>>> print(open('model.pdb').read())   # PDB, C-alpha atoms and all ligand atoms
ATOM      1  CA  MET A  10     -21.147 -90.698  29.470
ATOM      2  CA  SER A  11     -20.727 -93.735  31.711
ATOM      3  CA  TYR A  12     -21.931 -94.131  35.260
ATOM      4  CA  VAL A  13     -21.164 -96.152  38.361
ATOM      5  CA  GLU A  14     -23.898 -97.778  40.449
ATOM      6  CA  LEU A  15     -23.401 -98.381  44.170
ATOM      7  CA  THR A  16     -25.773-100.870  45.814
ATOM      8  CA  VAL A  17     -25.995-101.295  49.570
ATOM      9  CA  ALA A  18     -28.162-103.898  51.301
ATOM     10  CA  ALA A  19     -28.947-102.225  54.627
ATOM     11  CA  PRO A  20     -31.963-102.397  56.978
ATOM     12  CA  VAL A  21     -34.922-100.149  56.100
ATOM     13  CA  ALA A  22     -34.296 -98.218  59.339
ATOM     14  CA  ALA A  23     -30.885 -97.129  57.984
ATOM     15  CA  GLU A  24     -32.438 -95.260  55.025
ATOM     16  CA  GLU A  25     -31.540 -91.825  56.395
ATOM     17  CA  THR A  26     -27.874 -92.797  56.869
ATOM     18  CA  VAL A  27     -27.716 -94.408  53.407
ATOM     19  CA  THR A  28     -29.222 -91.297  51.781
ATOM     20  CA  ALA A  29     -26.913 -88.921  53.668
ATOM     21  CA  ALA A  30     -23.815 -91.057  52.889
ATOM     22  CA  LEU A  31     -24.741 -91.169  49.193
ATOM     23  CA  ALA A  32     -25.205 -87.378  49.243
ATOM     24  CA  ALA A  33     -21.828 -86.913  50.973
ATOM     25  CA  CYS A  34     -20.264 -88.854  48.066
ATOM     26  CA  GLU A  35     -22.036 -86.479  45.622
ATOM     27  CA  THR A  36     -24.469 -88.977  44.156
ATOM     28  CA  LEU A  37     -26.263 -87.941  40.956
ATOM     29  CA  GLY A  38     -29.408 -89.649  42.240
ATOM     30  CA  GLY A  39     -30.615 -92.792  43.897
ATOM     31  CA  TRP A  40     -33.607 -94.980  44.620
ATOM     32  CA  VAL A  41     -34.852 -97.793  46.802
ATOM     33  CA  GLU A  42     -35.232-100.850  44.599
ATOM     34  CA  LYS A  43     -37.107-102.686  47.362
ATOM     35  CA  PRO A  44     -37.156-102.258  51.144
ATOM     36  CA  GLY A  45     -33.558-102.704  52.299
ATOM     37  CA  LEU A  46     -31.914-102.430  48.852
ATOM     38  CA  PHE A  47     -30.573 -98.950  48.072
ATOM     39  CA  ARG A  48     -28.924 -97.804  44.856
ATOM     40  CA  GLY A  49     -26.989 -94.610  44.123
ATOM     41  CA  TYR A  50     -25.501 -93.394  40.827
ATOM     42  CA  PHE A  51     -22.233 -91.529  40.197
ATOM     43  CA  SER A  52     -20.207 -90.290  37.256
ATOM     44  CA  ALA A  53     -17.489 -92.752  36.278
ATOM     45  CA  PRO A  54     -14.684 -93.319  37.091
ATOM     46  CA  ALA A  55     -15.181 -93.746  40.823
ATOM     47  CA  ALA A  56     -12.581 -96.286  41.946
ATOM     48  CA  ASP A  57     -12.466 -95.059  45.563
ATOM     49  CA  LEU A  58     -16.257 -94.909  45.931
ATOM     50  CA  PRO A  59     -16.661 -97.829  48.392
ATOM     51  CA  GLU A  60     -14.034 -96.280  50.726
ATOM     52  CA  ARG A  61     -15.625 -92.828  50.489
ATOM     53  CA  PHE A  62     -19.081 -94.299  51.169
ATOM     54  CA  ARG A  63     -17.811 -96.262  54.179
ATOM     55  CA  GLY A  64     -15.997 -93.147  55.467
ATOM     56  CA  ALA A  65     -19.152 -91.019  55.139
ATOM     57  CA  TRP A  66     -21.203 -93.721  56.864
ATOM     58  CA  CYS A  67     -18.731 -93.858  59.773
ATOM     59  CA  ASP A  68     -18.855 -90.048  60.181
ATOM     60  CA  LEU A  69     -22.662 -90.032  60.108
ATOM     61  CA  ALA A  70     -23.485 -93.133  62.178
ATOM     62  CA  GLY A  71     -20.451 -93.128  64.476
ATOM     63  CA  GLU A  72     -19.778 -96.778  63.585
ATOM     64  CA  ALA A  73     -18.469 -98.782  60.625
ATOM     65  CA  CYS A  74     -20.883 -99.737  57.863
ATOM     66  CA  ALA A  75     -21.496-103.450  58.431
ATOM     67  CA  TYR A  76     -23.576-103.996  55.291
ATOM     68  CA  PRO A  77     -22.560-105.376  51.895
ATOM     69  CA  ILE A  78     -21.717-102.812  49.210
ATOM     70  CA  VAL A  79     -21.473-103.647  45.512
ATOM     71  CA  VAL A  80     -20.118-101.173  42.951
ATOM     72  CA  ARG A  81     -20.378-101.769  39.214
ATOM     73  CA  GLU A  82     -19.670 -99.670  36.167
ATOM     74  CA  LEU A  83     -22.682 -99.307  33.894
ATOM     75  CA  PRO A  84     -22.087 -99.527  30.137
ATOM     76  CA  ALA A  85     -22.112 -96.165  28.333
ATOM     77  CA  ARG A  86     -25.637 -95.832  26.994
ATOM     78  CA  ASP A  87     -28.297 -93.226  26.411
ATOM     79  CA  TRP A  88     -30.243 -93.922  29.618
ATOM     80  CA  LEU A  89     -32.971 -91.417  28.837
ATOM     81  CA  ALA A  90     -33.594 -93.031  25.434
ATOM     82  CA  ALA A  91     -33.564 -96.482  27.052
ATOM     83  CA  TRP A  92     -36.134 -95.366  29.646
ATOM     84  CA  ARG A  93     -38.294 -93.728  26.983
ATOM     85  CA  ALA A  94     -38.262 -96.974  24.987
ATOM     86  CA  THR A  95     -39.827 -98.797  27.947
ATOM     87  CA  ALA A  96     -42.658 -96.257  28.409
ATOM     88  CA  ARG A  97     -46.110 -97.671  27.609
ATOM     89  CA  PRO A  98     -49.562 -96.118  27.174
ATOM     90  CA  ILE A  99     -51.547 -95.981  30.423
ATOM     91  CA  ALA A 100     -55.352 -96.201  30.592
ATOM     92  CA  ILE A 101     -56.320 -93.802  33.364
ATOM     93  CA  THR A 102     -60.032 -94.434  32.739
ATOM     94  CA  PRO A 103     -61.757 -96.140  29.783
ATOM     95  CA  LYS A 104     -61.904 -92.737  28.070
ATOM     96  CA  LEU A 105     -58.573 -91.160  29.026
ATOM     97  CA  TRP A 106     -55.093 -92.436  28.135
ATOM     98  CA  ILE A 107     -51.634 -90.994  28.714
ATOM     99  CA  ALA A 108     -49.159 -92.250  26.109
ATOM    100  CA  PRO A 109     -45.550 -91.630  25.036
ATOM    101  CA  PRO A 110     -45.215 -90.226  21.501
ATOM    102  CA  GLY A 111     -45.295 -92.954  18.874
ATOM    103  CA  ALA A 112     -46.727 -95.610  21.198
ATOM    104  CA  GLY A 113     -50.420 -94.855  21.185
ATOM    105  CA  PRO A 114     -52.980 -97.240  22.602
ATOM    106  CA  GLU A 115     -54.587 -99.635  20.143
ATOM    107  CA  ASN A 116     -58.390 -99.945  20.003
ATOM    108  CA  ALA A 117     -58.858 -96.689  21.876
ATOM    109  CA  THR A 118     -60.549 -94.720  19.122
ATOM    110  CA  GLU A 119     -63.300 -93.532  21.484
ATOM    111  CA  SER A 120     -60.763 -92.256  24.024
ATOM    112  CA  LYS A 121     -58.836 -89.063  24.524
ATOM    113  CA  VAL A 122     -55.076 -89.580  24.358
ATOM    114  CA  VAL A 123     -52.637 -87.133  25.963
ATOM    115  CA  TRP A 124     -49.116 -87.463  24.503
ATOM    116  CA  ILE A 125     -46.354 -86.986  27.068
ATOM    117  CA  GLN A 126     -42.640 -87.402  26.347
ATOM    118  CA  PRO A 127     -41.065 -89.147  29.393
ATOM    119  CA  GLY A 128     -38.253 -87.125  30.895
ATOM    120  CA  LEU A 129     -39.765 -83.691  30.251
ATOM    121  CA  GLY A 130     -40.779 -82.828  33.822
ATOM    122  CA  PHE A 131     -42.546 -84.921  36.461
ATOM    123  CA  GLY A 132     -45.781 -86.480  35.251
ATOM    124  CA  THR A 133     -45.781 -89.364  32.778
ATOM    125  CA  GLY A 134     -49.147 -90.509  34.118
ATOM    126  CA  SER A 135     -47.614 -93.488  35.902
ATOM    127  CA  HIS A 136     -47.569 -91.993  39.416
ATOM    128  CA  ALA A 137     -50.464 -92.650  41.811
ATOM    129  CA  THR A 138     -50.747 -88.952  42.698
ATOM    130  CA  THR A 139     -51.087 -87.882  39.045
ATOM    131  CA  GLN A 140     -53.591 -90.673  38.398
ATOM    132  CA  ALA A 141     -55.774 -89.711  41.372
ATOM    133  CA  LEU A 142     -56.230 -86.186  40.007
ATOM    134  CA  LEU A 143     -56.697 -87.414  36.421
ATOM    135  CA  ARG A 144     -59.544 -89.737  37.517
ATOM    136  CA  TRP A 145     -61.432 -86.972  39.312
ATOM    137  CA  LEU A 146     -60.797 -84.588  36.440
ATOM    138  CA  ASP A 147     -62.167 -87.129  33.975
ATOM    139  CA  ARG A 148     -65.181 -87.905  36.188
ATOM    140  CA  GLU A 149     -66.347 -84.280  36.383
ATOM    141  CA  SER A 150     -65.109 -82.775  33.095
ATOM    142  CA  PRO A 151     -65.656 -80.709  31.126
ATOM    143  CA  PHE A 152     -64.760 -77.712  33.275
ATOM    144  CA  ARG A 153     -64.836 -74.311  31.617
ATOM    145  CA  SER A 154     -61.487 -73.333  33.143
ATOM    146  CA  VAL A 155     -58.719 -75.254  34.917
ATOM    147  CA  LEU A 156     -55.591 -74.146  36.787
ATOM    148  CA  ASP A 157     -52.788 -76.696  37.284
ATOM    149  CA  VAL A 158     -50.424 -75.578  40.064
ATOM    150  CA  GLY A 159     -47.076 -77.392  39.659
ATOM    151  CA  THR A 160     -47.745 -78.534  36.113
ATOM    152  CA  GLY A 161     -44.457 -80.470  35.639
ATOM    153  CA  SER A 162     -44.738 -82.174  32.234
ATOM    154  CA  GLY A 163     -48.117 -80.448  31.733
ATOM    155  CA  VAL A 164     -49.978 -83.751  32.011
ATOM    156  CA  LEU A 165     -52.940 -82.564  34.138
ATOM    157  CA  ALA A 166     -53.364 -79.317  32.202
ATOM    158  CA  LEU A 167     -53.238 -81.141  28.860
ATOM    159  CA  ALA A 168     -55.726 -83.751  30.091
ATOM    160  CA  ALA A 169     -58.066 -80.932  31.190
ATOM    161  CA  ALA A 170     -57.841 -79.412  27.702
ATOM    162  CA  ALA A 171     -58.413 -82.818  26.057
ATOM    163  CA  LEU A 172     -61.492 -83.302  28.245
ATOM    164  CA  GLY A 173     -63.007 -80.042  27.035
ATOM    165  CA  ALA A 174     -61.727 -77.195  29.244
ATOM    166  CA  ARG A 175     -61.680 -73.946  27.242
ATOM    167  CA  ARG A 176     -59.249 -71.964  29.417
ATOM    168  CA  VAL A 177     -56.315 -73.844  30.945
ATOM    169  CA  VAL A 178     -53.306 -72.416  32.778
ATOM    170  CA  GLY A 179     -50.297 -74.417  34.029
ATOM    171  CA  LEU A 180     -47.867 -72.932  36.568
ATOM    172  CA  ASP A 181     -44.483 -74.210  37.640
ATOM    173  CA  ILE A 182     -41.647 -72.613  39.586
ATOM    174  CA  ASP A 183     -39.097 -74.812  37.774
ATOM    175  CA  PRO A 184     -38.028 -73.293  34.420
ATOM    176  CA  ASP A 185     -36.994 -76.736  33.090
ATOM    177  CA  ALA A 186     -40.497 -78.062  33.785
ATOM    178  CA  ILE A 187     -41.989 -75.185  31.778
ATOM    179  CA  VAL A 188     -39.650 -75.948  28.844
ATOM    180  CA  GLY A 189     -40.780 -79.598  28.958
ATOM    181  CA  ALA A 190     -44.451 -78.611  29.255
ATOM    182  CA  ILE A 191     -44.110 -76.333  26.202
ATOM    183  CA  ASP A 192     -42.700 -79.290  24.282
ATOM    184  CA  ASN A 193     -45.582 -81.528  25.393
ATOM    185  CA  ARG A 194     -48.107 -78.777  24.613
ATOM    186  CA  ALA A 195     -46.902 -78.804  20.994
ATOM    187  CA  ARG A 196     -47.748 -82.537  20.804
ATOM    188  CA  ASN A 197     -51.307 -82.059  22.007
ATOM    189  CA  VAL A 198     -52.959 -78.655  21.521
ATOM    190  CA  GLN A 199     -52.588 -75.236  19.923
ATOM    191  CA  PRO A 200     -50.463 -72.830  22.034
ATOM    192  CA  GLY A 201     -53.547 -70.691  22.821
ATOM    193  CA  GLU A 202     -55.320 -73.652  24.419
ATOM    194  CA  LEU A 203     -52.869 -73.909  27.328
ATOM    195  CA  MET A 204     -51.101 -70.944  28.887
ATOM    196  CA  LEU A 205     -47.881 -71.936  30.688
ATOM    197  CA  VAL A 206     -46.426 -69.617  33.298
ATOM    198  CA  ARG A 207     -43.190 -69.910  35.183
ATOM    199  CA  GLY A 208     -44.046 -69.028  38.770
ATOM    200  CA  SER A 209     -46.342 -69.816  41.666
ATOM    201  CA  THR A 210     -49.959 -68.845  42.403
ATOM    202  CA  ALA A 211     -48.622 -65.397  43.376
ATOM    203  CA  SER A 212     -47.827 -64.811  39.663
ATOM    204  CA  LEU A 213     -51.535 -64.692  38.791
ATOM    205  CA  ARG A 214     -53.450 -61.428  38.790
ATOM    206  CA  PRO A 215     -55.814 -61.106  41.763
ATOM    207  CA  GLY A 216     -59.398 -61.841  40.808
ATOM    208  CA  HIS A 217     -58.557 -64.698  38.415
ATOM    209  CA  ARG A 218     -60.929 -67.614  39.063
ATOM    210  CA  PHE A 219     -60.997 -71.178  37.702
ATOM    211  CA  GLU A 220     -63.773 -73.760  37.880
ATOM    212  CA  CYS A 221     -61.212 -76.374  38.861
ATOM    213  CA  VAL A 222     -57.816 -75.968  40.534
ATOM    214  CA  LEU A 223     -55.446 -78.961  40.651
ATOM    215  CA  ALA A 224     -52.245 -79.126  42.693
ATOM    216  CA  ASN A 225     -49.923 -82.119  42.913
ATOM    217  CA  LEU A 226     -47.286 -80.702  45.297
ATOM    218  CA  ASP A 227     -45.660 -81.872  48.524
ATOM    219  CA  GLY A 228     -47.546 -81.776  51.847
ATOM    220  CA  PRO A 229     -46.058 -78.642  53.495
ATOM    221  CA  THR A 230     -46.265 -76.641  50.235
ATOM    222  CA  LEU A 231     -49.912 -77.645  49.783
ATOM    223  CA  VAL A 232     -50.865 -76.510  53.297
ATOM    224  CA  ASP A 233     -49.071 -73.215  52.639
ATOM    225  CA  GLU A 234     -50.644 -72.727  49.193
ATOM    226  CA  LEU A 235     -54.187 -73.828  50.086
ATOM    227  CA  PRO A 236     -55.596 -70.342  50.952
ATOM    228  CA  ARG A 237     -54.378 -68.979  47.576
ATOM    229  CA  ILE A 238     -55.631 -72.093  45.771
ATOM    230  CA  ALA A 239     -59.069 -71.729  47.414
ATOM    231  CA  ASP A 240     -59.100 -68.056  46.453
ATOM    232  CA  LEU A 241     -58.417 -68.951  42.816
ATOM    233  CA  CYS A 242     -61.341 -71.403  42.671
ATOM    234  CA  SER A 243     -64.770 -70.185  41.482
ATOM    235  CA  PRO A 244     -67.716 -70.489  43.887
ATOM    236  CA  GLY A 245     -68.944 -74.097  43.797
ATOM    237  CA  GLY A 246     -65.840 -75.179  41.823
ATOM    238  CA  ARG A 247     -63.500 -78.072  42.534
ATOM    239  CA  VAL A 248     -60.074 -78.245  44.188
ATOM    240  CA  GLY A 249     -58.002 -81.431  43.749
ATOM    241  CA  VAL A 250     -54.855 -81.968  45.799
ATOM    242  CA  ALA A 251     -52.283 -84.778  45.707
ATOM    243  CA  GLY A 252     -48.654 -85.337  46.620
ATOM    244  CA  LEU A 253     -49.112 -85.565  50.398
ATOM    245  CA  LEU A 254     -48.327 -88.622  52.439
ATOM    246  CA  LEU A 255     -51.146 -90.041  54.557
ATOM    247  CA  THR A 256     -49.192 -88.951  57.656
ATOM    248  CA  GLU A 257     -49.364 -85.321  56.406
ATOM    249  CA  HIS A 258     -53.020 -85.054  55.435
ATOM    250  CA  GLU A 259     -54.622 -83.937  58.696
ATOM    251  CA  PRO A 260     -53.231 -80.352  58.676
ATOM    252  CA  LEU A 261     -54.486 -80.035  55.107
ATOM    253  CA  ILE A 262     -57.980 -81.260  56.028
ATOM    254  CA  ASP A 263     -58.037 -78.713  58.903
ATOM    255  CA  ALA A 264     -56.888 -75.885  56.613
ATOM    256  CA  ALA A 265     -59.501 -76.886  54.007
ATOM    257  CA  ARG A 266     -62.290 -76.872  56.619
ATOM    258  CA  GLN A 267     -61.300 -73.364  57.757
ATOM    259  CA  LEU A 268     -61.454 -72.183  54.134
ATOM    260  CA  GLY A 269     -64.966 -73.617  53.709
ATOM    261  CA  LEU A 270     -63.845 -76.400  51.330
ATOM    262  CA  THR A 271     -65.981 -79.566  51.549
ATOM    263  CA  LEU A 272     -64.234 -82.904  51.110
ATOM    264  CA  LEU A 273     -66.129 -84.821  48.407
ATOM    265  CA  ASP A 274     -63.788 -87.757  47.883
ATOM    266  CA  GLN A 275     -60.383 -89.013  49.017
ATOM    267  CA  ARG A 276     -57.965 -91.775  48.071
ATOM    268  CA  GLN A 277     -55.104 -93.613  49.702
ATOM    269  CA  ASP A 278     -52.546 -95.209  47.378
ATOM    270  CA  PRO A 279     -49.723 -97.344  48.791
ATOM    271  CA  ASP A 280     -46.307 -96.611  47.291
ATOM    272  CA  PRO A 281     -44.621 -99.995  46.692
ATOM    273  CA  THR A 282     -41.147 -98.414  46.451
ATOM    274  CA  PHE A 283     -41.050 -96.509  49.699
ATOM    275  CA  GLY A 284     -43.708 -98.315  51.743
ATOM    276  CA  ASP A 285     -45.522 -94.989  52.309
ATOM    277  CA  VAL A 286     -49.135 -94.187  51.456
ATOM    278  CA  TRP A 287     -50.112 -91.210  49.263
ATOM    279  CA  TRP A 288     -53.241 -89.271  50.234
ATOM    280  CA  SER A 289     -55.251 -87.320  47.640
ATOM    281  CA  GLY A 290     -58.388 -85.219  48.146
ATOM    282  CA  TRP A 291     -61.163 -83.750  45.994
ATOM    283  CA  PHE A 292     -62.990 -80.742  47.460
ATOM    284  CA  ALA A 293     -65.915 -78.468  46.565
ATOM    285  CA  ALA A 294     -65.395 -74.726  47.007
ATOM    286  CA  PRO A 295     -68.141 -72.903  48.910
ATOM    287  CA  ASP A 296     -71.013 -71.670  46.779
ATOM    288  CA  ASP A 297     -71.793 -67.925  46.807
ATOM    289  CA  THR A 298     -75.384 -68.719  47.742
ATOM    290  CA  GLU A 299     -74.380 -70.672  50.891
TER     291      GLU A 299
HETATM  292  N1  LIG A 301     -48.702 -81.891  37.778
HETATM  293  C1  LIG A 301     -47.773 -82.959  37.463
HETATM  294  C2  LIG A 301     -48.391 -84.290  37.882
HETATM  295  O1  LIG A 301     -49.428 -84.290  38.545
HETATM  296  O2  LIG A 301     -47.835 -85.335  37.534
HETATM  297  C3  LIG A 301     -46.410 -82.730  38.138
HETATM  298  C4  LIG A 301     -46.422 -82.711  39.648
HETATM  299  S1  LIG A 301     -44.801 -82.662  40.382
HETATM  300  C5  LIG A 301     -45.047 -83.760  41.717
HETATM  301  C6  LIG A 301     -44.766 -81.110  41.221
HETATM  302  C7  LIG A 301     -44.344 -79.922  40.381
HETATM  303  O3  LIG A 301     -44.659 -78.753  41.125
HETATM  304  C8  LIG A 301     -42.876 -79.828  40.051
HETATM  305  O4  LIG A 301     -42.714 -79.656  38.656
HETATM  306  C9  LIG A 301     -42.371 -78.598  40.835
HETATM  307  O5  LIG A 301     -41.379 -77.879  40.141
HETATM  308  C10 LIG A 301     -43.637 -77.787  40.976
HETATM  309  N2  LIG A 301     -43.750 -76.904  42.166
HETATM  310  C11 LIG A 301     -43.312 -77.127  43.424
HETATM  311  N3  LIG A 301     -43.701 -76.120  44.243
HETATM  312  C12 LIG A 301     -44.418 -75.254  43.481
HETATM  313  C13 LIG A 301     -45.106 -74.024  43.745
HETATM  314  N4  LIG A 301     -45.120 -73.486  44.975
HETATM  315  N5  LIG A 301     -45.741 -73.384  42.733
HETATM  316  C14 LIG A 301     -45.706 -73.910  41.475
HETATM  317  N6  LIG A 301     -45.055 -75.065  41.154
HETATM  318  C15 LIG A 301     -44.442 -75.746  42.160
END
>>> encode(input="model.pdb", output="structure tokens", more="lines below")
Ligand code: SAM
Amino acid sequence: MSYVELTVAAPVAAEETVTAALAACETLGGWVEKPGLFRGYFSAPAADLPERFRGAWCDLAGEACAYPIVVRELPARDWLAAWRATARPIAITPKLWIAPPGAGPENATESKVVWIQPGLGFGTGSHATTQALLRWLDRESPFRSVLDVGTGSGVLALAAAALGARRVVGLDIDPDAIVGAIDNRARNVQPGELMLVRGSTASLRPGHRFECVLANLDGPTLVDELPRIADLCSPGGRVGVAGLLLTEHEPLIDAARQLGLTLLDQRQDPDPTFGDVWWSGWFAAPDDTE
């Protein structure tokens, strides 16, 4: 299948209009290559795309699009295979690596390697939010039991198992993510070592407790889920959250305080693509004896 790429060089402040105009033209997806340079992708052929984009812009902004637009047809190619070929092993810590199948790290015989096929759910280990949780997990492992809420590719759950957790459960509401996580599970552990469930925290039987609960979700979902996440964490256990922007973290800190969670560590990671900052937090659940 071949694709068409539309590039528009517009001010950063126009991002909302660019995104909405791309959506109005039924983009397959897009990204910000650098501040002020937006790209959207479409199925080919798309000869009238520049006119449609300009028309959508005019409807949305109430004025003509004054910025340069370039449209080019991309050669037919297996883009997923091409992306996979560029994936490289990532050292999360000296003892934990995330690597694509067939491209293991050299000289890492003392390390644990988690094999993740790029493209099978979010979580190749390259994102700052995933890495924040992996570092804390590595620092305090082994945990007896770990719950990964929003498991995506399964990367956090599989890392927990590699680092010695005996009971690991990964949840995801997206059925495609679960299919990908099952595939990645087969590369790393026996099926019984990681239970994968399609659903949210509400799918778990009441009374289930885990020594560590990890959740890399978006900010509003995390604030909403935090009471259930805290409930699923054993007394004195750990809760790791990521996926919020720095601008969203205060409501989460407030919710955590009300639930008796103590903030042990936090990180801020700038996102070079979007110019935002990710906030991640590592909490201790209240101890029964407190
Ligand atoms: N855990 C992986 C990581 O850290 O790289 C993937 C995180 S990805 C940002 C978030 C995942 O959470 C997605 O796969 C999404 O489908 C899932 N998700 C979103 N809301 C959820 C919810 N309420 N319960 C369970 N999964 C959810």
>>> residues_around(input="model.pdb", residues="range 178-187 of chain A", least_positions_apart="4", cutoff="10 Å", atoms="all atoms listed in the file", output="mmCIF file with C-alpha atoms, keeping the file's coordinate frame")
data_model
loop_
_atom_site.group_PDB
_atom_site.id
_atom_site.type_symbol
_atom_site.label_atom_id
_atom_site.label_comp_id
_atom_site.auth_asym_id
_atom_site.auth_seq_id
_atom_site.Cartn_x
_atom_site.Cartn_y
_atom_site.Cartn_z
ATOM 1 C CA GLY A 128 -38.253 -87.125 30.895
ATOM 2 C CA LEU A 129 -39.765 -83.691 30.251
ATOM 3 C CA GLY A 130 -40.779 -82.828 33.822
ATOM 4 C CA PHE A 131 -42.546 -84.921 36.461
ATOM 5 C CA SER A 154 -61.487 -73.333 33.143
ATOM 6 C CA VAL A 155 -58.719 -75.254 34.917
ATOM 7 C CA LEU A 156 -55.591 -74.146 36.787
ATOM 8 C CA ASP A 157 -52.788 -76.696 37.284
ATOM 9 C CA VAL A 158 -50.424 -75.578 40.064
ATOM 10 C CA GLY A 159 -47.076 -77.392 39.659
ATOM 11 C CA THR A 160 -47.745 -78.534 36.113
ATOM 12 C CA GLY A 161 -44.457 -80.470 35.639
ATOM 13 C CA SER A 162 -44.738 -82.174 32.234
ATOM 14 C CA GLY A 163 -48.117 -80.448 31.733
ATOM 15 C CA VAL A 164 -49.978 -83.751 32.011
ATOM 16 C CA LEU A 165 -52.940 -82.564 34.138
ATOM 17 C CA ALA A 166 -53.364 -79.317 32.202
ATOM 18 C CA LEU A 167 -53.238 -81.141 28.860
ATOM 19 C CA ALA A 169 -58.066 -80.932 31.190
ATOM 20 C CA ALA A 170 -57.841 -79.412 27.702
ATOM 21 C CA ILE A 191 -44.110 -76.333 26.202
ATOM 22 C CA ASP A 192 -42.700 -79.290 24.282
ATOM 23 C CA ASN A 193 -45.582 -81.528 25.393
ATOM 24 C CA GLU A 202 -55.320 -73.652 24.419
ATOM 25 C CA LEU A 203 -52.869 -73.909 27.328
ATOM 26 C CA MET A 204 -51.101 -70.944 28.887
ATOM 27 C CA LEU A 205 -47.881 -71.936 30.688
ATOM 28 C CA VAL A 206 -46.426 -69.617 33.298
ATOM 29 C CA ARG A 207 -43.190 -69.910 35.183
ATOM 30 C CA GLY A 208 -44.046 -69.028 38.770
ATOM 31 C CA SER A 209 -46.342 -69.816 41.666
ATOM 32 C CA THR A 210 -49.959 -68.845 42.403
ATOM 33 C CA SER A 212 -47.827 -64.811 39.663
ATOM 34 C CA LEU A 213 -51.535 -64.692 38.791
ATOM 35 C CA PHE A 219 -60.997 -71.178 37.702
ATOM 36 C CA VAL A 222 -57.816 -75.968 40.534
ATOM 37 C CA LEU A 223 -55.446 -78.961 40.651
ATOM 38 C CA ALA A 224 -52.245 -79.126 42.693
#
>>> axis_aligned_box(input="model.pdb", around="ligand LIG 301 (chain A)", padding_each_side="8 Å", output="AutoDock Vina command-line options")
--center_x -45.4 --center_y -79.4 --center_z 41.2 --size_x 24.0 --size_y 28.0 --size_z 23.5
>>> residues_around(input="model.pdb", residues="range 43-46 of chain A", least_positions_apart="5", cutoff="12 Å", atoms="only C-alpha atoms", output="list in words")
Leu15, Thr16, Val17, Ala18, Ala19, Pro20, Val21, Ala22, Ala23, Glu24, Glu25, Val27, Thr28, Tyr76, Pro77, Ile78, Val79, Asp280, Pro281, Thr282, Phe283, Gly284 and Asp285 of chain A
>>> atom_distance(input="model.pdb", atom1="CA of Ser11 in chain A", atom2="CA of Thr133 in chain A")
25.5 Å
>>> atom_distance(input="model.pdb", atom1="CA of Tyr50 in chain A", atom2="CA of Glu14 in chain A")
4.7 Å
>>> residues_around(input="model.pdb", residues="Gly249 in chain A", least_positions_apart="2", cutoff="12 Å", atoms="only C-alpha atoms", output="ChimeraX atom specification")
/A:138-146,149,155-158,165,220-226,231,235,238-239,242,246-247,251-253,261,265,270-276,288-294
>>> build_atoms(input="model.pdb", residues="range 218-226 of chain A", atoms="N, CA, C and O atoms", output="PDB file, keeping the file's coordinate frame")
ATOM      1  N   ARG A 218     -60.232 -66.476  38.461  1.00  0.00           N
ATOM      2  CA  ARG A 218     -60.929 -67.614  39.063  1.00  0.00           C
ATOM      3  C   ARG A 218     -61.004 -68.758  38.063  1.00  0.00           C
ATOM      4  O   ARG A 218     -61.131 -68.509  36.856  1.00  0.00           O
ATOM      5  N   PHE A 219     -60.924 -69.978  38.557  1.00  0.00           N
ATOM      6  CA  PHE A 219     -60.997 -71.178  37.702  1.00  0.00           C
ATOM      7  C   PHE A 219     -62.042 -72.121  38.283  1.00  0.00           C
ATOM      8  O   PHE A 219     -62.155 -72.246  39.506  1.00  0.00           O
ATOM      9  N   GLU A 220     -62.760 -72.816  37.393  1.00  0.00           N
ATOM     10  CA  GLU A 220     -63.773 -73.760  37.880  1.00  0.00           C
ATOM     11  C   GLU A 220     -63.139 -74.947  38.593  1.00  0.00           C
ATOM     12  O   GLU A 220     -63.775 -75.582  39.426  1.00  0.00           O
ATOM     13  N   CYS A 221     -61.907 -75.246  38.218  1.00  0.00           N
ATOM     14  CA  CYS A 221     -61.212 -76.374  38.861  1.00  0.00           C
ATOM     15  C   CYS A 221     -59.753 -75.988  39.055  1.00  0.00           C
ATOM     16  O   CYS A 221     -59.120 -75.476  38.125  1.00  0.00           O
ATOM     17  N   VAL A 222     -59.233 -76.212  40.264  1.00  0.00           N
ATOM     18  CA  VAL A 222     -57.816 -75.968  40.534  1.00  0.00           C
ATOM     19  C   VAL A 222     -57.197 -77.291  41.000  1.00  0.00           C
ATOM     20  O   VAL A 222     -57.699 -77.915  41.938  1.00  0.00           O
ATOM     21  N   LEU A 223     -56.131 -77.712  40.324  1.00  0.00           N
ATOM     22  CA  LEU A 223     -55.446 -78.961  40.651  1.00  0.00           C
ATOM     23  C   LEU A 223     -54.055 -78.636  41.170  1.00  0.00           C
ATOM     24  O   LEU A 223     -53.405 -77.733  40.631  1.00  0.00           O
ATOM     25  N   ALA A 224     -53.597 -79.367  42.169  1.00  0.00           N
ATOM     26  CA  ALA A 224     -52.245 -79.126  42.693  1.00  0.00           C
ATOM     27  C   ALA A 224     -51.660 -80.441  43.179  1.00  0.00           C
ATOM     28  O   ALA A 224     -52.147 -81.006  44.164  1.00  0.00           O
ATOM     29  N   ASN A 225     -50.664 -80.929  42.477  1.00  0.00           N
ATOM     30  CA  ASN A 225     -49.923 -82.119  42.913  1.00  0.00           C
ATOM     31  C   ASN A 225     -48.566 -81.630  43.404  1.00  0.00           C
ATOM     32  O   ASN A 225     -47.619 -81.508  42.617  1.00  0.00           O
ATOM     33  N   LEU A 226     -48.500 -81.283  44.696  1.00  0.00           N
ATOM     34  CA  LEU A 226     -47.286 -80.702  45.297  1.00  0.00           C
ATOM     35  C   LEU A 226     -46.951 -81.518  46.545  1.00  0.00           C
ATOM     36  O   LEU A 226     -47.674 -82.460  46.862  1.00  0.00           O
TER      37      LEU A 226
END
